[in-house]
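Text of structure27.cif, listed as mmCIF, C-alpha atoms and all ligand atoms:
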```
data_my_file
#
loop_
_atom_site.group_PDB
_atom_site.id
_atom_site.type_symbol
_atom_site.label_atom_id
_atom_site.label_comp_id
_atom_site.auth_asym_id
_atom_site.auth_seq_id
_atom_site.Cartn_x
_atom_site.Cartn_y
_atom_site.Cartn_z
ATOM 1 C CA MET A 1 1.169 -18.035 -45.749
ATOM 2 C CA LEU A 2 -0.277 -18.128 -42.231
ATOM 3 C CA THR A 3 1.721 -15.798 -39.974
ATOM 4 C CA ASN A 4 0.236 -16.692 -36.610
ATOM 5 C CA ARG A 5 -0.678 -20.145 -35.333
ATOM 6 C CA ALA A 6 -2.101 -18.931 -32.020
ATOM 7 C CA GLU A 7 -5.808 -19.379 -31.392
ATOM 8 C CA THR A 8 -6.454 -15.741 -32.162
ATOM 9 C CA VAL A 9 -4.520 -12.755 -33.451
ATOM 10 C CA SER A 10 -4.276 -9.655 -31.275
ATOM 11 C CA THR A 11 -7.055 -7.088 -31.478
ATOM 12 C CA GLU A 12 -4.426 -4.572 -32.680
ATOM 13 C CA ALA A 13 -3.398 -6.804 -35.589
ATOM 14 C CA TYR A 14 -7.027 -7.464 -36.451
ATOM 15 C CA LEU A 15 -7.854 -3.735 -36.397
ATOM 16 C CA ALA A 16 -4.831 -2.947 -38.567
ATOM 17 C CA GLY A 17 -6.013 -5.535 -41.096
ATOM 18 C CA MET A 18 -9.545 -4.143 -41.040
ATOM 19 C CA ARG A 19 -8.302 -0.556 -41.541
ATOM 20 C CA ALA A 20 -7.064 -1.640 -44.962
ATOM 21 C CA ILE A 21 -10.569 -2.724 -45.952
ATOM 22 C CA VAL A 22 -12.944 -0.230 -47.530
ATOM 23 C CA GLN A 23 -16.558 -0.778 -46.509
ATOM 24 C CA PRO A 24 -19.945 0.692 -47.394
ATOM 25 C CA VAL A 25 -21.603 2.734 -44.655
ATOM 26 C CA GLY A 26 -25.165 2.137 -43.469
ATOM 27 C CA LEU A 27 -27.508 3.526 -40.855
ATOM 28 C CA VAL A 28 -29.175 0.692 -38.955
ATOM 29 C CA THR A 29 -32.439 1.957 -37.500
ATOM 30 C CA ALA A 30 -35.463 0.612 -35.650
ATOM 31 C CA ALA A 31 -38.721 1.859 -34.207
ATOM 32 C CA CYS A 32 -41.085 0.382 -31.648
ATOM 33 C CA GLY A 33 -43.877 1.788 -29.504
ATOM 34 C CA GLY A 34 -43.089 5.401 -30.413
ATOM 35 C CA GLU A 35 -39.346 4.955 -29.723
ATOM 36 C CA ARG A 36 -36.765 5.310 -32.535
ATOM 37 C CA ASP A 37 -33.007 4.872 -32.564
ATOM 38 C CA GLY A 38 -30.172 4.060 -34.923
ATOM 39 C CA VAL A 39 -26.414 3.742 -35.381
ATOM 40 C CA THR A 40 -23.894 4.129 -38.148
ATOM 41 C CA ALA A 41 -22.656 0.664 -39.072
ATOM 42 C CA VAL A 42 -20.161 -0.843 -41.496
ATOM 43 C CA THR A 43 -20.812 -4.422 -40.455
ATOM 44 C CA VAL A 44 -23.722 -4.752 -42.832
ATOM 45 C CA CYS A 45 -23.711 -7.227 -45.676
ATOM 46 C CA SER A 46 -25.851 -9.499 -47.766
ATOM 47 C CA ALA A 47 -26.200 -12.851 -45.979
ATOM 48 C CA THR A 48 -28.124 -14.674 -48.708
ATOM 49 C CA MET A 49 -29.671 -13.659 -52.014
ATOM 50 C CA GLU A 50 -32.416 -16.319 -51.932
ATOM 51 C CA PRO A 51 -34.277 -15.410 -49.858
ATOM 52 C CA PRO A 52 -33.036 -11.787 -49.773
ATOM 53 C CA THR A 53 -31.462 -11.505 -46.313
ATOM 54 C CA LEU A 54 -29.152 -8.932 -44.705
ATOM 55 C CA LEU A 55 -26.741 -9.416 -41.798
ATOM 56 C CA VAL A 56 -25.919 -6.566 -39.404
ATOM 57 C CA SER A 57 -23.697 -6.663 -36.298
ATOM 58 C CA ILE A 58 -24.768 -4.229 -33.586
ATOM 59 C CA LYS A 59 -23.447 -3.650 -30.074
ATOM 60 C CA GLN A 60 -25.773 -5.620 -27.807
ATOM 61 C CA ASP A 61 -26.134 -2.918 -25.163
ATOM 62 C CA SER A 62 -27.054 -0.184 -27.660
ATOM 63 C CA ALA A 63 -30.578 1.226 -27.640
ATOM 64 C CA VAL A 64 -31.129 0.246 -31.275
ATOM 65 C CA ALA A 65 -30.210 -3.408 -30.624
ATOM 66 C CA GLN A 66 -32.791 -3.503 -27.868
ATOM 67 C CA ILE A 67 -35.484 -1.991 -30.101
ATOM 68 C CA ILE A 68 -34.646 -4.464 -32.912
ATOM 69 C CA THR A 69 -34.999 -7.358 -30.469
ATOM 70 C CA ARG A 70 -38.316 -6.027 -29.186
ATOM 71 C CA CYS A 71 -39.970 -5.115 -32.496
ATOM 72 C CA GLU A 72 -38.286 -7.882 -34.582
ATOM 73 C CA ALA A 73 -37.552 -5.529 -37.457
ATOM 74 C CA PHE A 74 -34.869 -3.088 -38.595
ATOM 75 C CA GLY A 75 -33.989 -0.795 -41.464
ATOM 76 C CA VAL A 76 -30.668 -0.392 -43.269
ATOM 77 C CA SER A 77 -30.054 2.806 -45.262
ATOM 78 C CA PHE A 78 -26.820 2.604 -47.260
ATOM 79 C CA LEU A 79 -25.666 6.224 -47.383
ATOM 80 C CA ALA A 80 -24.927 8.185 -50.537
ATOM 81 C CA ASP A 81 -21.517 9.877 -50.730
ATOM 82 C CA THR A 82 -23.306 13.205 -50.102
ATOM 83 C CA GLN A 83 -24.607 11.968 -46.721
ATOM 84 C CA ALA A 84 -21.412 11.720 -44.615
ATOM 85 C CA ARG A 85 -22.919 14.174 -42.103
ATOM 86 C CA MET A 86 -25.602 11.563 -41.336
ATOM 87 C CA ALA A 87 -22.895 8.934 -40.694
ATOM 88 C CA ARG A 88 -21.291 11.333 -38.196
ATOM 89 C CA ARG A 89 -24.635 12.207 -36.619
ATOM 90 C CA PHE A 90 -25.458 8.532 -35.978
ATOM 91 C CA SER A 91 -22.027 7.652 -34.574
ATOM 92 C CA ASP A 92 -20.666 10.576 -32.573
ATOM 93 C CA GLY A 93 -22.927 10.306 -29.510
ATOM 94 C CA GLY A 94 -23.995 13.980 -29.774
ATOM 95 C CA ALA A 95 -27.648 13.103 -30.348
ATOM 96 C CA GLU A 96 -29.600 10.037 -29.353
ATOM 97 C CA GLY A 97 -33.047 8.520 -29.720
ATOM 98 C CA GLU A 98 -35.627 10.685 -31.449
ATOM 99 C CA MET A 99 -33.142 13.612 -31.699
ATOM 100 C CA LEU A 100 -31.133 11.628 -34.267
ATOM 101 C CA PHE A 101 -34.001 11.896 -36.732
ATOM 102 C CA GLY A 102 -34.105 15.696 -36.622
ATOM 103 C CA ASP A 103 -31.963 15.898 -39.781
ATOM 104 C CA GLY A 104 -32.839 14.365 -43.165
ATOM 105 C CA LYS A 105 -36.154 13.160 -44.514
ATOM 106 C CA TRP A 106 -37.261 9.871 -42.955
ATOM 107 C CA LEU A 107 -39.732 7.429 -44.430
ATOM 108 C CA THR A 108 -41.580 4.773 -42.438
ATOM 109 C CA ALA A 109 -41.256 1.343 -44.070
ATOM 110 C CA ALA A 110 -43.779 -1.522 -43.978
ATOM 111 C CA THR A 111 -42.299 -2.977 -40.752
ATOM 112 C CA GLY A 112 -42.305 0.481 -39.143
ATOM 113 C CA ALA A 113 -38.524 0.856 -39.494
ATOM 114 C CA PRO A 114 -37.272 4.350 -40.447
ATOM 115 C CA LEU A 115 -35.476 4.575 -43.826
ATOM 116 C CA LEU A 116 -33.505 7.631 -44.951
ATOM 117 C CA ASP A 117 -34.727 9.325 -48.116
ATOM 118 C CA GLY A 118 -31.881 9.688 -50.633
ATOM 119 C CA ALA A 119 -29.935 6.637 -49.429
ATOM 120 C CA VAL A 120 -28.525 4.714 -52.421
ATOM 121 C CA SER A 121 -30.315 1.572 -51.243
ATOM 122 C CA ALA A 122 -32.523 1.232 -48.212
ATOM 123 C CA PHE A 123 -33.817 -2.108 -46.965
ATOM 124 C CA ASP A 124 -36.720 -2.853 -44.651
ATOM 125 C CA CYS A 125 -36.032 -6.108 -42.782
ATOM 126 C CA ARG A 126 -38.054 -8.496 -40.660
ATOM 127 C CA LEU A 127 -35.828 -10.168 -38.048
ATOM 128 C CA VAL A 128 -35.414 -13.918 -38.713
ATOM 129 C CA ASP A 129 -32.480 -14.893 -36.490
ATOM 130 C CA VAL A 130 -29.946 -13.551 -33.979
ATOM 131 C CA VAL A 131 -26.481 -14.820 -33.068
ATOM 132 C CA THR A 132 -24.553 -13.242 -30.204
ATOM 133 C CA CYS A 133 -20.779 -12.876 -30.368
ATOM 134 C CA GLY A 134 -18.325 -10.730 -28.429
ATOM 135 C CA GLY A 135 -20.901 -8.307 -27.048
ATOM 136 C CA HIS A 136 -22.558 -7.855 -30.435
ATOM 137 C CA SER A 137 -25.846 -9.148 -31.791
ATOM 138 C CA LEU A 138 -25.659 -10.413 -35.357
ATOM 139 C CA PHE A 139 -29.144 -9.794 -36.669
ATOM 140 C CA LEU A 140 -30.353 -11.592 -39.791
ATOM 141 C CA GLY A 141 -33.219 -9.803 -41.501
ATOM 142 C CA ARG A 142 -35.425 -10.883 -44.383
ATOM 143 C CA VAL A 143 -35.852 -7.949 -46.783
ATOM 144 C CA VAL A 144 -39.574 -7.225 -47.093
ATOM 145 C CA SER A 145 -39.423 -3.912 -48.934
ATOM 146 C CA MET A 146 -36.752 -1.619 -50.319
ATOM 147 C CA ILE A 147 -35.960 1.696 -51.985
ATOM 148 C CA SER A 148 -33.166 2.486 -54.495
ATOM 149 C CA ASN A 149 -31.879 5.849 -55.668
ATOM 150 C CA GLU A 150 -29.335 7.133 -58.181
ATOM 151 C CA GLY A 151 -25.919 8.003 -56.765
ATOM 152 C CA GLU A 152 -22.703 6.498 -55.425
ATOM 153 C CA GLY A 153 -22.384 4.960 -51.965
ATOM 154 C CA LEU A 154 -20.403 6.442 -49.070
ATOM 155 C CA LEU A 155 -17.346 4.368 -48.071
ATOM 156 C CA TYR A 156 -15.266 4.039 -44.897
ATOM 157 C CA GLY A 157 -11.594 3.122 -44.991
ATOM 158 C CA ASP A 158 -8.497 3.756 -42.855
ATOM 159 C CA GLY A 159 -10.546 5.863 -40.432
ATOM 160 C CA TYR A 160 -12.067 8.220 -43.023
ATOM 161 C CA PHE A 161 -15.326 8.557 -44.897
ATOM 162 C CA ARG A 162 -14.524 8.381 -48.618
ATOM 163 C CA ARG A 163 -15.982 8.564 -52.111
ATOM 164 C CA LEU A 164 -15.459 6.107 -54.935
ATOM 165 C CA ALA A 165 -12.585 7.066 -57.242
ATOM 166 C CA SER A 166 -13.648 7.835 -60.816
ATOM 167 C CA LYS A 167 -14.166 4.792 -63.003
ATOM 168 C CA ASP A 168 -11.435 3.725 -65.462
HETATM 169 C C1 LIG A 201 -17.554 4.177 -39.485
HETATM 170 C C2 LIG A 201 -18.240 3.596 -38.288
HETATM 171 C C3 LIG A 201 -18.747 2.308 -38.355
HETATM 172 C C4 LIG A 201 -19.407 1.716 -37.286
HETATM 173 N N1 LIG A 201 -19.898 0.453 -37.393
HETATM 174 C C5 LIG A 201 -20.587 -0.083 -36.361
HETATM 175 C C6 LIG A 201 -21.176 -1.370 -36.490
HETATM 176 O O1 LIG A 201 -21.076 -2.030 -37.517
HETATM 177 N N2 LIG A 201 -21.869 -1.861 -35.417
HETATM 178 C C7 LIG A 201 -22.004 -1.148 -34.248
HETATM 179 O O2 LIG A 201 -22.647 -1.641 -33.307
HETATM 180 N N3 LIG A 201 -21.454 0.083 -34.103
HETATM 181 C C8 LIG A 201 -20.767 0.618 -35.130
HETATM 182 N N4 LIG A 201 -20.221 1.873 -35.007
HETATM 183 C C9 LIG A 201 -20.412 2.604 -33.738
HETATM 184 C C10 LIG A 201 -21.786 3.272 -33.652
HETATM 185 O O3 LIG A 201 -22.080 4.011 -34.829
HETATM 186 C C11 LIG A 201 -21.850 4.245 -32.466
HETATM 187 O O4 LIG A 201 -20.812 5.146 -32.551
HETATM 188 C C12 LIG A 201 -21.726 3.515 -31.187
HETATM 189 O O5 LIG A 201 -22.705 2.512 -31.108
HETATM 190 C C13 LIG A 201 -21.903 4.470 -30.018
HETATM 191 O O6 LIG A 201 -21.825 3.668 -28.874
HETATM 192 P P1 LIG A 201 -20.956 4.109 -27.623
HETATM 193 O O7 LIG A 201 -21.615 5.388 -27.151
HETATM 194 O O8 LIG A 201 -21.131 2.982 -26.664
HETATM 195 O O9 LIG A 201 -19.558 4.279 -28.110
HETATM 196 C C14 LIG A 201 -19.553 2.461 -36.080
HETATM 197 C C15 LIG A 201 -19.042 3.783 -35.998
HETATM 198 C C16 LIG A 201 -18.407 4.333 -37.100
HETATM 199 C C17 LIG A 201 -17.891 5.749 -37.019
#
```
What is this file in structure tokens?
Amino acid sequence: MLTNRAETVSTEAYLAGMRAIVQPVGLVTAACGGERDGVTAVTVCSATMEPPTLLVSIKQDSAVAQIITRCEAFGVSFLADTQARMARRFSDGGAEGEMLFGDGKWLTAATGAPLLDGAVSAFDCRLVDVVTCGGHSLFLGRVVSMISNEGEGLLYGDGYFRRLASKD
């Protein structure tokens, strides 16, 4: 049953609803003209399977959003559950720009985007469209190359990084 007929729910209610959702964790990265940057992001999902296309939502005023717009490409590295430190590194504001890439082994994909070695799945995307909404850029990227590895993905739920529970 619908509980609120107003045009929009409050941000608090929305956040409370989203805290109950468990999401995979990715690093969205980009490189252009010798400049690299990236952020931890949970708003990453498959937009279409044919053609293979990913959707990411990134704060418009972030350095990585500006590099994506300029170089028309981005990478998404879905982290393994052993890589939570990388999720913290790319979200806590302690390091920025090139400094972010001082930990982990980074590969350069066909578009030039950095992809993290050991990620469970890493996708190299060519930008095909952008929608702006609420201070974020929703980037649609055609997947032009990818890497997969063994392992389970890192999750984020109720404010914590988590691992998958054992299978039944
Ligand atoms: C679990 C988690 C998920 C995040 N997801 C996103 C996201 O999907 N898009 C985004 O732009 N920022 C996301 N962020 C925030 C960025 O990783 C980063 O902290 C932020 O861009 C830093 O910007 P600020 O210095 O303006 O706060 C997320 C942060 C965390 C911890």
If you measure from atom CA of Ala20 of chain A to atom CA of Met49 of chain A, what distance in Å do you get, rounded to one decimal?
26.6 Å
Set up a box along x, y and z of the file covering all listed atoms of ligand LIG 201 (chain A), add 5 Å on every one of the six sides, and write the centre and edge lengths in Å to one decimal, as JSON.
```
{"center_x": -20.1, "center_y": 1.9, "center_z": -33.1, "size_x": 15.2, "size_y": 17.8, "size_z": 22.8}
```
Can you spell out as number ranges by chain the set of residues that the PyMOL selection byres (((chain A and resi 87-100) around 7) and not hetatm) selects in the structure I just provided?
A: 36-40, 83-86, 101-102
Measure the distance from atom N3 of ligand LIG 201 (chain A) to atom CA of Asp124 of chain A in Å and round it to one decimal.
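If I compute the distance from atom N3 of ligand LIG 201 (chain A) to atom CA of Asp124 of chain A, I get 18.8 Å.
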How would you write, as a ChimeraX atom specification, the set of residues no farther than 10 Å from ligand LIG 201 (chain A) when counting all atoms listed in the file?
/A:23-28,38-44,56-65,84,87-94,96,135-138,155-161
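Shortest separation to Thr82 of chain A among A:Gly141, A:Gly17, A:Gly104, A:Gly33 occurs at residue A:Gly104, atoms counted being all atoms listed in the file.
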Expressed in Å to a single decimal, how great is the separation between atom CA of Gly153 of chain A and atom CA of Leu79 of chain A?
5.8 Å
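Checking A:Ala109, A:Val76, A:Phe139, A:Leu154 one by one against Phe123 of chain A, counting all atoms listed in the file, you find the shortest gap at A:Val76.
Between Arg142 of chain A and the residues A:Thr69, A:Val9, A:Thr53, A:Ala30, the shortest atom-to-atom distance, using only C-alpha atoms, involves A:Thr53.
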Write out as a list in words each polymer residue whose atoms come within 7 Å of Ala73 of chain A, counting all atoms listed in the file; drop sequence neighbours fewer than 3 positions from it.
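What passes the distance filter is Ala30, Ile68, Thr111, Ala113, Cys125, Arg126 and Leu127 of chain A.
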Which residue, A:Phe78, A:Arg162, A:Leu116, A:Glu7, has the smallest gap to Cys45 of chain A when you use all atoms listed in the file?
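Checking each candidate against Cys45 of chain A, we get A:Phe78 as the closest.
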